[in-house]
file start02.tsv (TSV, C-alpha atoms)
chain	number	residue	atom	x	y	z
A	1	MET	CA	104.75	87.21	122.73
A	2	SER	CA	101.47	87.11	124.67
A	3	LYS	CA	98.45	85.17	123.47
A	4	ASN	CA	96.59	88.44	122.70
A	5	ASP	CA	99.52	89.74	120.66
A	6	ASN	CA	99.57	86.49	118.68
A	7	VAL	CA	95.84	86.80	117.95
A	8	VAL	CA	96.29	90.39	116.73
A	9	GLU	CA	99.15	89.32	114.45
A	10	GLN	CA	97.14	86.42	113.01
A	11	LYS	CA	94.07	88.57	112.37
A	12	SER	CA	96.20	91.32	110.81
A	13	PHE	CA	97.84	88.97	108.32
A	14	ARG	CA	94.54	87.19	107.64
A	15	LEU	CA	93.00	90.52	106.63
A	16	LEU	CA	95.82	91.06	104.13
A	17	GLU	CA	95.31	87.55	102.71
A	18	THR	CA	91.56	88.14	102.36
A	19	ALA	CA	92.16	91.41	100.50
A	20	ILE	CA	94.59	89.69	98.12
A	21	GLN	CA	92.09	86.91	97.40
A	22	TYR	CA	89.48	89.61	96.71
A	23	GLU	CA	91.98	91.26	94.31
A	24	ALA	CA	91.63	94.55	96.17
A	25	SER	CA	94.04	97.39	95.51
A	26	ASP	CA	93.50	98.97	98.95
A	27	ILE	CA	92.20	98.15	102.43
A	28	HIS	CA	90.40	100.95	104.30
A	29	LEU	CA	89.94	100.83	108.07
A	30	VAL	CA	87.46	103.60	108.84
A	31	PRO	CA	86.53	104.54	112.45
A	32	MET	CA	82.80	104.59	113.15
A	33	ARG	CA	80.79	105.17	116.33
A	34	GLU	CA	80.72	101.51	117.41
A	35	GLY	CA	83.89	100.19	115.81
A	36	TYR	CA	85.77	100.15	112.50
A	37	ASP	CA	84.37	99.47	109.05
A	38	VAL	CA	86.61	97.33	106.82
A	39	LEU	CA	86.38	98.28	103.14
A	40	PHE	CA	88.12	96.78	100.12
A	41	LYS	CA	88.78	98.96	97.07
A	42	LYS	CA	88.51	97.24	93.70
A	43	ASP	CA	88.03	98.92	90.31
A	44	ALA	CA	87.54	102.32	92.00
A	45	ARG	CA	84.66	100.95	94.09
A	46	LEU	CA	84.71	100.58	97.87
A	47	ASP	CA	83.03	97.37	99.03
A	48	ARG	CA	82.26	96.84	102.70
A	49	SER	CA	83.86	93.64	103.97
A	50	GLY	CA	82.85	93.73	107.62
A	51	THR	CA	83.45	95.47	110.96
A	52	LEU	CA	86.03	95.20	113.71
A	53	PRO	CA	85.59	95.91	117.43
A	54	PRO	CA	87.33	99.18	118.37
A	55	GLN	CA	89.95	97.61	120.66
A	56	LEU	CA	90.93	94.92	118.14
A	57	ALA	CA	91.05	97.43	115.30
A	58	GLY	CA	93.25	99.77	117.34
A	59	ARG	CA	95.72	96.98	118.10
A	60	MET	CA	95.77	95.83	114.47
A	61	ILE	CA	96.47	99.40	113.34
A	62	SER	CA	99.31	99.62	115.86
A	63	PHE	CA	100.69	96.33	114.48
A	64	TYR	CA	100.61	97.62	110.90
A	65	LYS	CA	102.30	100.84	112.04
A	66	PHE	CA	104.97	98.81	113.85
A	67	LEU	CA	105.68	96.79	110.69
A	68	SER	CA	105.92	100.06	108.73
A	69	SER	CA	108.37	101.65	111.22
A	70	LEU	CA	105.85	104.34	112.17
A	71	ASP	CA	105.38	105.98	115.57
A	72	ILE	CA	102.80	103.82	117.35
A	73	SER	CA	102.34	106.30	120.20
A	74	ASP	CA	101.49	109.27	117.96
A	75	LYS	CA	97.86	109.29	116.79
A	76	ARG	CA	97.66	113.05	116.25
A	77	LYS	CA	99.48	113.45	112.94
A	78	PRO	CA	99.33	111.76	109.53
A	79	GLN	CA	101.99	109.11	108.95
A	80	SER	CA	103.00	106.93	106.04
A	81	GLY	CA	105.34	104.00	105.61
A	82	SER	CA	105.51	100.51	104.14
A	83	PHE	CA	106.42	96.91	104.87
A	84	HIS	CA	106.98	93.76	102.85
A	85	LYS	CA	105.72	90.22	103.32
A	86	GLN	CA	105.45	86.98	101.36
A	87	ILE	CA	101.86	85.78	101.10
A	88	GLN	CA	100.65	82.72	99.17
A	89	GLY	CA	104.10	82.31	97.61
A	90	ASN	CA	104.27	85.87	96.25
A	91	ASN	CA	106.14	88.89	97.62
A	92	TYR	CA	104.03	91.96	98.38
A	93	SER	CA	104.60	95.53	99.49
A	94	PHE	CA	102.03	97.16	101.75
A	95	ARG	CA	102.00	100.96	101.90
A	96	VAL	CA	100.37	102.19	105.10
A	97	SER	CA	98.89	105.68	105.41
A	98	THR	CA	97.20	107.01	108.56
A	99	ILE	CA	95.25	110.18	109.33
A	100	PRO	CA	93.90	111.26	112.73
A	101	SER	CA	90.20	111.29	113.45
A	102	ILE	CA	88.20	112.44	116.45
A	103	GLN	CA	88.43	110.68	119.84
A	104	MET	CA	92.08	109.69	119.18
A	105	LYS	CA	91.06	107.23	116.46
A	106	GLU	CA	92.98	106.79	113.21
A	107	SER	CA	91.72	106.08	109.72
A	108	VAL	CA	94.07	103.81	107.81
A	109	VAL	CA	94.55	102.90	104.15
A	110	ILE	CA	96.82	100.02	103.12
A	111	ARG	CA	97.85	99.89	99.45
A	112	LEU	CA	98.65	96.38	98.17
A	113	GLN	CA	101.40	95.95	95.58
A	114	ARG	CA	102.74	92.67	94.27
A	115	HIS	CA	106.49	92.67	93.63
A	116	ASP	CA	107.76	92.35	90.06
A	117	ARG	CA	104.25	92.84	88.70
A	118	ILE	CA	104.54	94.63	85.39
A	119	VAL	CA	101.57	95.46	83.18
A	120	SER	CA	102.83	95.50	79.60
A	121	LEU	CA	102.23	98.58	77.48
A	122	ASP	CA	100.13	96.52	75.05
A	123	GLU	CA	97.93	95.35	77.92
A	124	LEU	CA	97.65	98.84	79.41
A	125	CYS	CA	96.99	100.87	76.26
A	126	ILE	CA	93.56	100.38	74.71
A	127	GLU	CA	94.87	101.55	71.31
A	128	LYS	CA	98.13	100.16	69.85
A	129	GLU	CA	99.02	103.62	68.57
A	130	TRP	CA	99.64	104.80	72.13
A	131	SER	CA	101.96	101.93	73.09
A	132	ASP	CA	103.92	102.50	69.86
A	133	LYS	CA	104.31	106.21	70.67
A	134	LEU	CA	105.48	105.53	74.21
A	135	ARG	CA	107.99	102.91	73.04
A	136	HIS	CA	109.31	105.35	70.46
A	137	ALA	CA	109.67	108.04	73.12
A	138	VAL	CA	111.78	105.86	75.45
A	139	SER	CA	113.98	104.77	72.53
A	140	GLU	CA	115.53	108.26	72.61
A	141	GLN	CA	118.97	108.51	74.21
A	142	GLN	CA	118.25	111.65	76.19
A	143	GLY	CA	115.40	113.98	77.05
A	144	LEU	CA	112.44	114.33	79.38
A	145	ILE	CA	109.28	112.22	79.27
A	146	LEU	CA	106.50	113.61	81.44
A	147	LEU	CA	103.54	111.50	82.54
A	148	THR	CA	100.65	113.50	83.94
A	149	GLY	CA	97.13	113.21	85.21
A	150	PRO	CA	95.29	113.29	88.56
A	151	THR	CA	95.94	110.91	91.43
A	152	GLY	CA	94.80	107.39	90.59
A	153	CYS	CA	95.00	107.66	86.80
A	154	GLY	CA	97.62	104.92	86.38
A	155	LYS	CA	100.82	106.95	86.06
A	156	THR	CA	102.74	104.58	88.35
A	157	THR	CA	101.70	101.55	86.29
A	158	THR	CA	102.79	103.27	83.07
A	159	ILE	CA	106.13	104.47	84.39
A	160	TYR	CA	107.02	100.96	85.63
A	161	SER	CA	106.02	99.52	82.24
A	162	LEU	CA	108.29	101.99	80.46
A	163	SER	CA	111.15	101.29	82.87
A	164	ALA	CA	110.80	97.54	82.31
A	165	HIS	CA	110.84	98.09	78.53
A	166	CYS	CA	114.07	100.10	78.87
A	167	VAL	CA	115.73	97.26	80.83
A	168	ASN	CA	114.40	94.19	79.04
A	169	GLN	CA	114.12	95.33	75.42
A	170	LEU	CA	116.60	98.23	75.20
A	171	GLU	CA	119.15	96.79	77.67
A	172	ARG	CA	119.66	100.06	79.48
A	173	HIS	CA	120.79	100.75	83.03
A	174	VAL	CA	117.78	102.21	84.88
A	175	ILE	CA	117.90	103.80	88.35
A	176	THR	CA	114.70	104.92	90.07
A	177	LEU	CA	114.15	107.49	92.81
A	178	GLU	CA	110.79	107.03	94.54
A	179	ASP	CA	108.84	108.18	97.61
A	180	PRO	CA	107.87	105.59	98.56
A	181	VAL	CA	109.12	102.65	96.49
A	182	GLU	CA	105.63	101.38	95.62
A	183	ASN	CA	106.57	98.16	93.88
A	184	ASN	CA	109.84	96.24	94.25
A	185	HIS	CA	111.35	95.13	90.95
A	186	SER	CA	114.38	92.87	90.72
A	187	HIS	CA	115.41	94.34	87.36
A	188	LEU	CA	115.62	97.93	88.68
A	189	LEU	CA	118.03	99.69	91.01
A	190	GLN	CA	115.50	101.46	93.23
A	191	ILE	CA	116.38	104.28	95.63
A	192	GLN	CA	114.03	105.25	98.48
A	193	VAL	CA	113.58	108.93	99.29
A	194	ASN	CA	114.09	109.60	103.01
A	195	GLU	CA	113.88	113.28	103.79
A	196	GLN	CA	114.63	112.78	107.50
A	197	SER	CA	118.05	111.34	106.65
A	198	GLY	CA	118.70	113.96	103.97
A	199	MET	CA	117.87	111.73	100.98
A	200	THR	CA	115.52	114.17	99.27
A	201	TYR	CA	114.50	113.93	95.62
A	202	SER	CA	117.04	116.56	94.64
A	203	ALA	CA	119.90	115.12	96.76
A	204	GLY	CA	119.15	111.58	95.56
A	205	LEU	CA	119.04	112.69	91.95
A	206	LYS	CA	122.44	114.36	92.23
A	207	ALA	CA	123.87	111.16	93.74
A	208	ILE	CA	122.30	108.98	91.05
A	209	LEU	CA	124.05	110.96	88.31
A	210	ARG	CA	127.41	109.67	89.60
A	211	HIS	CA	126.35	106.04	88.96
A	212	SER	CA	126.23	106.25	85.16
A	213	PRO	CA	122.53	105.58	84.54
A	214	ASP	CA	121.17	105.49	81.00
A	215	VAL	CA	117.64	106.12	82.27
A	216	ILE	CA	116.52	107.84	85.46
A	217	MET	CA	113.00	107.31	86.73
A	218	ILE	CA	111.78	109.92	89.23
A	219	GLY	CA	108.56	109.02	91.01
A	220	GLU	CA	107.20	112.56	90.95
A	221	ILE	CA	108.41	116.13	90.48
A	222	ARG	CA	107.16	117.99	93.55
A	223	ASP	CA	109.39	121.03	93.93
A	224	CYS	CA	111.58	123.51	92.08
A	225	GLU	CA	114.90	121.88	92.97
A	226	THR	CA	113.83	118.43	91.76
A	227	ALA	CA	112.45	119.93	88.52
A	228	LYS	CA	115.68	121.79	87.84
A	229	THR	CA	117.86	118.74	88.56
A	230	ALA	CA	115.67	116.56	86.31
A	231	VAL	CA	115.94	119.03	83.44
A	232	GLN	CA	119.71	119.31	83.97
A	233	ALA	CA	120.00	115.51	83.82
A	234	ALA	CA	118.05	115.49	80.56
A	235	LEU	CA	120.27	118.23	79.13
A	236	THR	CA	123.46	116.33	79.99
A	237	GLY	CA	122.70	113.09	78.17
A	238	HIS	CA	120.20	111.11	80.26
A	239	LEU	CA	116.69	109.93	79.54
A	240	VAL	CA	114.46	111.01	82.42
A	241	LEU	CA	111.03	109.47	83.09
A	242	THR	CA	108.89	111.24	85.65
A	243	SER	CA	105.37	112.27	86.61
A	244	VAL	CA	103.75	115.61	87.38
A	245	HIS	CA	100.26	116.13	88.79
A	246	SER	CA	98.12	118.16	86.38
A	247	LYS	CA	94.95	117.87	84.34
A	248	ASP	CA	96.41	117.64	80.83
A	249	PRO	CA	99.66	118.13	78.84
A	250	ALA	CA	99.30	121.92	78.68
A	251	GLY	CA	98.73	122.02	82.43
A	252	CYS	CA	101.86	119.88	82.90
A	253	PHE	CA	103.89	122.38	80.84
A	254	TYR	CA	102.58	125.30	82.93
A	255	ARG	CA	103.37	123.38	86.12
A	256	MET	CA	106.99	122.99	85.05
A	257	LEU	CA	107.09	126.75	84.36
A	258	ASP	CA	105.79	127.30	87.90
A	259	PHE	CA	108.74	125.22	89.15
A	260	GLY	CA	111.09	127.79	87.60
A	261	ILE	CA	112.00	125.94	84.40
A	262	SER	CA	112.20	128.22	81.36
A	263	ALA	CA	110.10	127.53	78.28
A	264	GLU	CA	113.29	127.25	76.21
A	265	GLU	CA	114.71	124.58	78.55
A	266	LEU	CA	111.47	122.65	78.23
A	267	ARG	CA	111.58	123.01	74.44
A	268	GLN	CA	115.08	121.51	74.40
A	269	THR	CA	114.37	118.62	76.77
A	270	ILE	CA	110.76	117.40	76.52
A	271	ILE	CA	110.29	114.42	74.19
A	272	CYS	CA	106.62	113.97	74.94
A	273	ILE	CA	103.96	114.71	77.53
A	274	SER	CA	101.46	111.93	78.14
A	275	ALA	CA	98.22	112.41	80.06
A	276	GLN	CA	96.08	109.38	80.87
A	277	ARG	CA	92.98	108.04	82.59
A	278	LEU	CA	92.06	104.52	83.62
A	279	ILE	CA	88.71	103.47	82.19
A	280	ARG	CA	86.46	100.47	81.91
A	281	THR	CA	84.94	100.28	78.45
A	282	THR	CA	81.35	99.28	77.73
A	283	SER	CA	82.69	95.83	76.79
A	284	GLY	CA	84.11	95.49	80.31
A	285	LYS	CA	87.78	95.86	79.36
A	286	MET	CA	89.98	97.72	81.83
A	287	GLY	CA	92.72	99.90	80.37
A	288	ALA	CA	93.95	103.42	79.87
A	289	VAL	CA	93.33	106.16	77.33
A	290	PHE	CA	96.18	108.53	76.54
A	291	GLU	CA	96.55	112.08	75.30
A	292	ILE	CA	100.13	112.05	73.99
A	293	ILE	CA	101.62	115.33	72.80
A	294	GLU	CA	104.86	114.97	70.83
A	295	GLY	CA	106.65	116.14	67.69
A	296	ASP	CA	104.99	118.96	65.77
A	297	THR	CA	101.99	119.04	68.11
A	298	LEU	CA	104.35	119.53	71.06
A	299	ASP	CA	106.19	122.30	69.19
A	300	ARG	CA	102.94	124.09	68.40
A	301	MET	CA	101.77	123.81	72.00
A	302	THR	CA	105.10	125.18	73.24
A	303	ASP	CA	104.95	128.09	70.78
A	304	SER	CA	101.40	128.95	71.85
A	305	ILE	CA	102.35	128.94	75.54
A	306	MET	CA	105.46	131.05	74.94
A	307	LYS	CA	103.40	133.59	72.99
A	308	GLY	CA	100.62	133.60	75.55
A	309	ASP	CA	98.07	132.29	73.05
A	310	ARG	CA	95.35	129.78	73.80
A	311	VAL	CA	96.56	126.20	73.45
A	312	VAL	CA	94.61	124.28	70.82
A	313	VAL	CA	94.87	120.48	70.83
A	314	PRO	CA	93.13	118.37	68.16
A	315	ASP	CA	89.91	116.94	69.62
A	316	ARG	CA	90.90	113.39	68.63
A	317	LEU	CA	93.81	113.59	71.10
A	318	LYS	CA	91.90	114.94	74.09
A	319	ILE	CA	91.26	112.73	77.11
A	320	GLU	CA	87.62	113.81	77.42
A	321	SER	CA	86.94	112.95	73.78
A	322	LEU	CA	88.62	109.56	74.12
A	323	ILE	CA	86.57	108.66	77.19
A	324	ARG	CA	83.39	109.57	75.29
A	325	LYS	CA	84.59	107.57	72.28
A	326	TYR	CA	84.70	104.38	74.31
A	327	GLY	CA	81.42	105.13	76.04
A	328	ALA	CA	83.04	104.67	79.44
A	329	THR	CA	83.49	106.61	82.62
A	330	SER	CA	86.89	107.42	84.06
A	331	VAL	CA	88.07	105.00	86.73
A	332	MET	CA	90.52	106.13	89.40
A	333	GLN	CA	92.36	103.17	90.85
A	334	ASP	CA	96.15	103.29	90.64
A	335	GLY	CA	98.59	106.12	91.10
call {"tool": "encode", "arguments": {"input": "start02.tsv", "output": "structure tokens"}}
result
Amino acid sequence: MSKNDNVVEQKSFRLLETAIQYEASDIHLVPMREGYDVLFKKDARLDRSGTLPPQLAGRMISFYKFLSSLDISDKRKPQSGSFHKQIQGNNYSFRVSTIPSIQMKESVVIRLQRHDRIVSLDELCIEKEWSDKLRHAVSEQQGLILLTGPTGCGKTTTIYSLSAHCVNQLERHVITLEDPVENNHSHLLQIQVNEQSGMTYSAGLKAILRHSPDVIMIGEIRDCETAKTAVQAALTGHLVLTSVHSKDPAGCFYRMLDFGISAEELRQTIICISAQRLIRTTSGKMGAVFEIIEGDTLDRMTDSIMKGDRVVVPDRLKIESLIRKYGATSVMQDG
């Protein structure tokens, strides 16, 4: 290794250490006219940390891409990957995402995730009622639990919390299927989606069913085949935890219909639909508010959708009302 290569490696790892000390969730390397701006994301706010000369930044980006098994020579298409490293005695995953910019420069975001870091449901949920409802939902032996909300609302944090509860408190065998595996957990059997090698969500899910899981966690339902396989798994005796991008529970239901799932199949499988937002309350507490539709409310919502009527949800359950109740603004931080 040349002296220059060693300097690039040292500076690359030092940047990761600095971000961890800052408690940042993401590092942004943004190309500017004279170099690269370095920004740390914390609590949905981007704070400028400094600048890097263009040549050094380019070599550091190439080093991160190398660690993530990405194509270093290709700067014309978006790429994503991840790598793992122990820093300050803790194991971390770093998810690297690149997009091309003008003049053959790349903008890069690195997501920081500490291994085995679980936020408990009681810590995550601002109201105890929500953690109790979610625990009750995962106590079911079979069915479909859908977590929904926009990117950055905390779905990943919640789904890991529920998975940990299933393993540690309910003593169930949990297998996850993720793209990518965002956070390594020693108590979970985690499967990485790799579409290039044929390990798609749908193919992976079919393989998982042969390994006798009690609970299957799917990172996200993105297509018709995955949706149909997930519903089939729920119908044949498995508890399925997954996420769907939508605004609210009704939107999640419609999205599943768009994936080709019938309303009757959804009626038979869905245990609850939970929408959420991360917020910081006026007292400074960070947590999540939840709009959880279950039981009779879920039945009424399903009936309204099947009849083509307008869906009416009690105002006390709505995300917008809950955010106003706590006098806080929505914070987008974790996916």
call {"tool": "residues_near_point", "arguments": {"input": "start02.tsv", "point": "(90.0, 120.0, 87.9)", "cutoff": "9 Å", "atoms": "all atoms listed in the file", "output": "PyMOL selection string"}}
result
chain A and resi 150+246-247
call {"tool": "write_last_selection", "arguments": {"input": "start02.tsv", "atoms": "C-alpha atoms", "output": "short mmCIF file (atom, residue, chain, number, x, y, z; two decimals), in the coordinates of the input"}}
result
data_model
loop_
_atom_site.label_atom_id
_atom_site.label_comp_id
_atom_site.auth_asym_id
_atom_site.auth_seq_id
_atom_site.Cartn_x
_atom_site.Cartn_y
_atom_site.Cartn_z
CA PRO A 150 95.29 113.29 88.56
CA SER A 246 98.12 118.16 86.38
CA LYS A 247 94.95 117.87 84.34
#
call {"tool": "residues_around", "arguments": {"input": "start02.tsv", "residues": "Leu322 of chain A", "least_positions_apart": "3", "cutoff": "12 Å", "atoms": "only C-alpha atoms", "output": "list in words"}}
result
Ile126, Glu127, Ala275, Gln276, Arg277, Leu278, Ile279, Thr281, Ala288, Val289, Phe290, Glu291, Ile292, Pro314, Asp315, Arg316, Leu317, Lys318, Ile319, Lys325, Tyr326, Gly327, Ala328, Thr329 and Ser330 of chain A
call {"tool": "write_last_selection", "arguments": {"input": "start02.tsv", "atoms": "C-alpha atoms", "output": "short mmCIF file (atom, residue, chain, number, x, y, z; two decimals), in the coordinates of the input"}}
result
data_model
loop_
_atom_site.label_atom_id
_atom_site.label_comp_id
_atom_site.auth_asym_id
_atom_site.auth_seq_id
_atom_site.Cartn_x
_atom_site.Cartn_y
_atom_site.Cartn_z
CA ILE A 126 93.56 100.38 74.71
CA GLU A 127 94.87 101.55 71.31
CA ALA A 275 98.22 112.41 80.06
CA GLN A 276 96.08 109.38 80.87
CA ARG A 277 92.98 108.04 82.59
CA LEU A 278 92.06 104.52 83.62
CA ILE A 279 88.71 103.47 82.19
CA THR A 281 84.94 100.28 78.45
CA ALA A 288 93.95 103.42 79.87
CA VAL A 289 93.33 106.16 77.33
CA PHE A 290 96.18 108.53 76.54
CA GLU A 291 96.55 112.08 75.30
CA ILE A 292 100.13 112.05 73.99
CA PRO A 314 93.13 118.37 68.16
CA ASP A 315 89.91 116.94 69.62
CA ARG A 316 90.90 113.39 68.63
CA LEU A 317 93.81 113.59 71.10
CA LYS A 318 91.90 114.94 74.09
CA ILE A 319 91.26 112.73 77.11
CA LYS A 325 84.59 107.57 72.28
CA TYR A 326 84.70 104.38 74.31
CA GLY A 327 81.42 105.13 76.04
CA ALA A 328 83.04 104.67 79.44
CA THR A 329 83.49 106.61 82.62
CA SER A 330 86.89 107.42 84.06
#
call {"tool": "atom_distance", "arguments": {"input": "start02.tsv", "atom1": "atom CA of Ser212 of chain A", "atom2": "atom CA of Ala233 of chain A"}}
result
11.2 Å
call {"tool": "residues_near_point", "arguments": {"input": "start02.tsv", "point": "(103.7, 86.7, 96.8)", "cutoff": "10 Å", "atoms": "all atoms listed in the file", "output": "ChimeraX atom specification"}}
result
/A:20,84-93,113-116
call {"tool": "write_last_selection", "arguments": {"input": "start02.tsv", "atoms": "C-alpha atoms", "output": "mmCIF file, in the coordinates of the input"}}
result
data_model
loop_
_atom_site.group_PDB
_atom_site.id
_atom_site.type_symbol
_atom_site.label_atom_id
_atom_site.label_comp_id
_atom_site.auth_asym_id
_atom_site.auth_seq_id
_atom_site.Cartn_x
_atom_site.Cartn_y
_atom_site.Cartn_z
ATOM 1 C CA ILE A 20 94.590 89.690 98.120
ATOM 2 C CA HIS A 84 106.980 93.760 102.850
ATOM 3 C CA LYS A 85 105.720 90.220 103.320
ATOM 4 C CA GLN A 86 105.450 86.980 101.360
ATOM 5 C CA ILE A 87 101.860 85.780 101.100
ATOM 6 C CA GLN A 88 100.650 82.720 99.170
ATOM 7 C CA GLY A 89 104.100 82.310 97.610
ATOM 8 C CA ASN A 90 104.270 85.870 96.250
ATOM 9 C CA ASN A 91 106.140 88.890 97.620
ATOM 10 C CA TYR A 92 104.030 91.960 98.380
ATOM 11 C CA SER A 93 104.600 95.530 99.490
ATOM 12 C CA GLN A 113 101.400 95.950 95.580
ATOM 13 C CA ARG A 114 102.740 92.670 94.270
ATOM 14 C CA HIS A 115 106.490 92.670 93.630
ATOM 15 C CA ASP A 116 107.760 92.350 90.060
#
call {"tool": "closest_residue", "arguments": {"input": "start02.tsv", "among": "A:Ala24, A:Val119, A:Gln268, A:Gln196", "to": "Lys155 of chain A", "atoms": "only C-alpha atoms"}}
result
A:Val119
call {"tool": "residues_around", "arguments": {"input": "start02.tsv", "residues": "Cys252 of chain A", "least_positions_apart": "6", "cutoff": "8 Å", "atoms": "all atoms listed in the file", "output": "list in words"}}
result
Leu146, Thr148, Val244, His245, Ser246 and Ile273 of chain A
call {"tool": "closest_residue", "arguments": {"input": "start02.tsv", "among": "A:Val313, A:His165, A:Met60, A:Glu320", "to": "Asp132 of chain A", "atoms": "only C-alpha atoms"}}
result
A:His165
call {"tool": "residues_around", "arguments": {"input": "start02.tsv", "residues": "Ser243 of chain A", "least_positions_apart": "5", "cutoff": "9 Å", "atoms": "only C-alpha atoms", "output": "list in words"}}
result
Ile145, Leu146, Leu147, Thr148, Gly149, Lys155, Thr156, Ile159, Ile218, Gly219, Glu220 and Ile221 of chain A
call {"tool": "closest_residue", "arguments": {"input": "start02.tsv", "among": "A:Val109, A:Ile27, A:Ile208, A:Leu144", "to": "Thr269 of chain A", "atoms": "only C-alpha atoms"}}
result
A:Leu144
call {"tool": "closest_residue", "arguments": {"input": "start02.tsv", "among": "A:Ile61, A:Ile216, A:Val167, A:Met301", "to": "Glu9 of chain A", "atoms": "only C-alpha atoms"}}
result
A:Ile61
call {"tool": "closest_residue", "arguments": {"input": "start02.tsv", "among": "A:Ile72, A:Thr226, A:Gly295, A:Leu188", "to": "Gly204 of chain A", "atoms": "all atoms listed in the file"}}
result
A:Thr226
call {"tool": "atom_distance", "arguments": {"input": "start02.tsv", "atom1": "atom CA of Arg33 of chain A", "atom2": "atom CA of Ile99 of chain A"}}
result
16.8 Å
call {"tool": "atom_distance", "arguments": {"input": "start02.tsv", "atom1": "atom CA of His238 of chain A", "atom2": "atom CA of Asn168 of chain A"}}
result
17.9 Å
call {"tool": "residues_around", "arguments": {"input": "start02.tsv", "residues": "Leu121 of chain A", "least_positions_apart": "3", "cutoff": "7 Å", "atoms": "all atoms listed in the file", "output": "mmCIF file with C-alpha atoms, in the frame of the given file"}}
result
data_model
loop_
_atom_site.group_PDB
_atom_site.id
_atom_site.type_symbol
_atom_site.label_atom_id
_atom_site.label_comp_id
_atom_site.auth_asym_id
_atom_site.auth_seq_id
_atom_site.Cartn_x
_atom_site.Cartn_y
_atom_site.Cartn_z
ATOM 1 C CA LEU A 124 97.650 98.840 79.410
ATOM 2 C CA CYS A 125 96.990 100.870 76.260
ATOM 3 C CA SER A 131 101.960 101.930 73.090
ATOM 4 C CA SER A 161 106.020 99.520 82.240
#
call {"tool": "residues_around", "arguments": {"input": "start02.tsv", "residues": "Thr236 of chain A", "least_positions_apart": "3", "cutoff": "9 Å", "atoms": "only C-alpha atoms", "output": "list of chain:residue names"}}
result
A:Gln142, A:Gly143, A:Val231, A:Gln232, A:Ala233
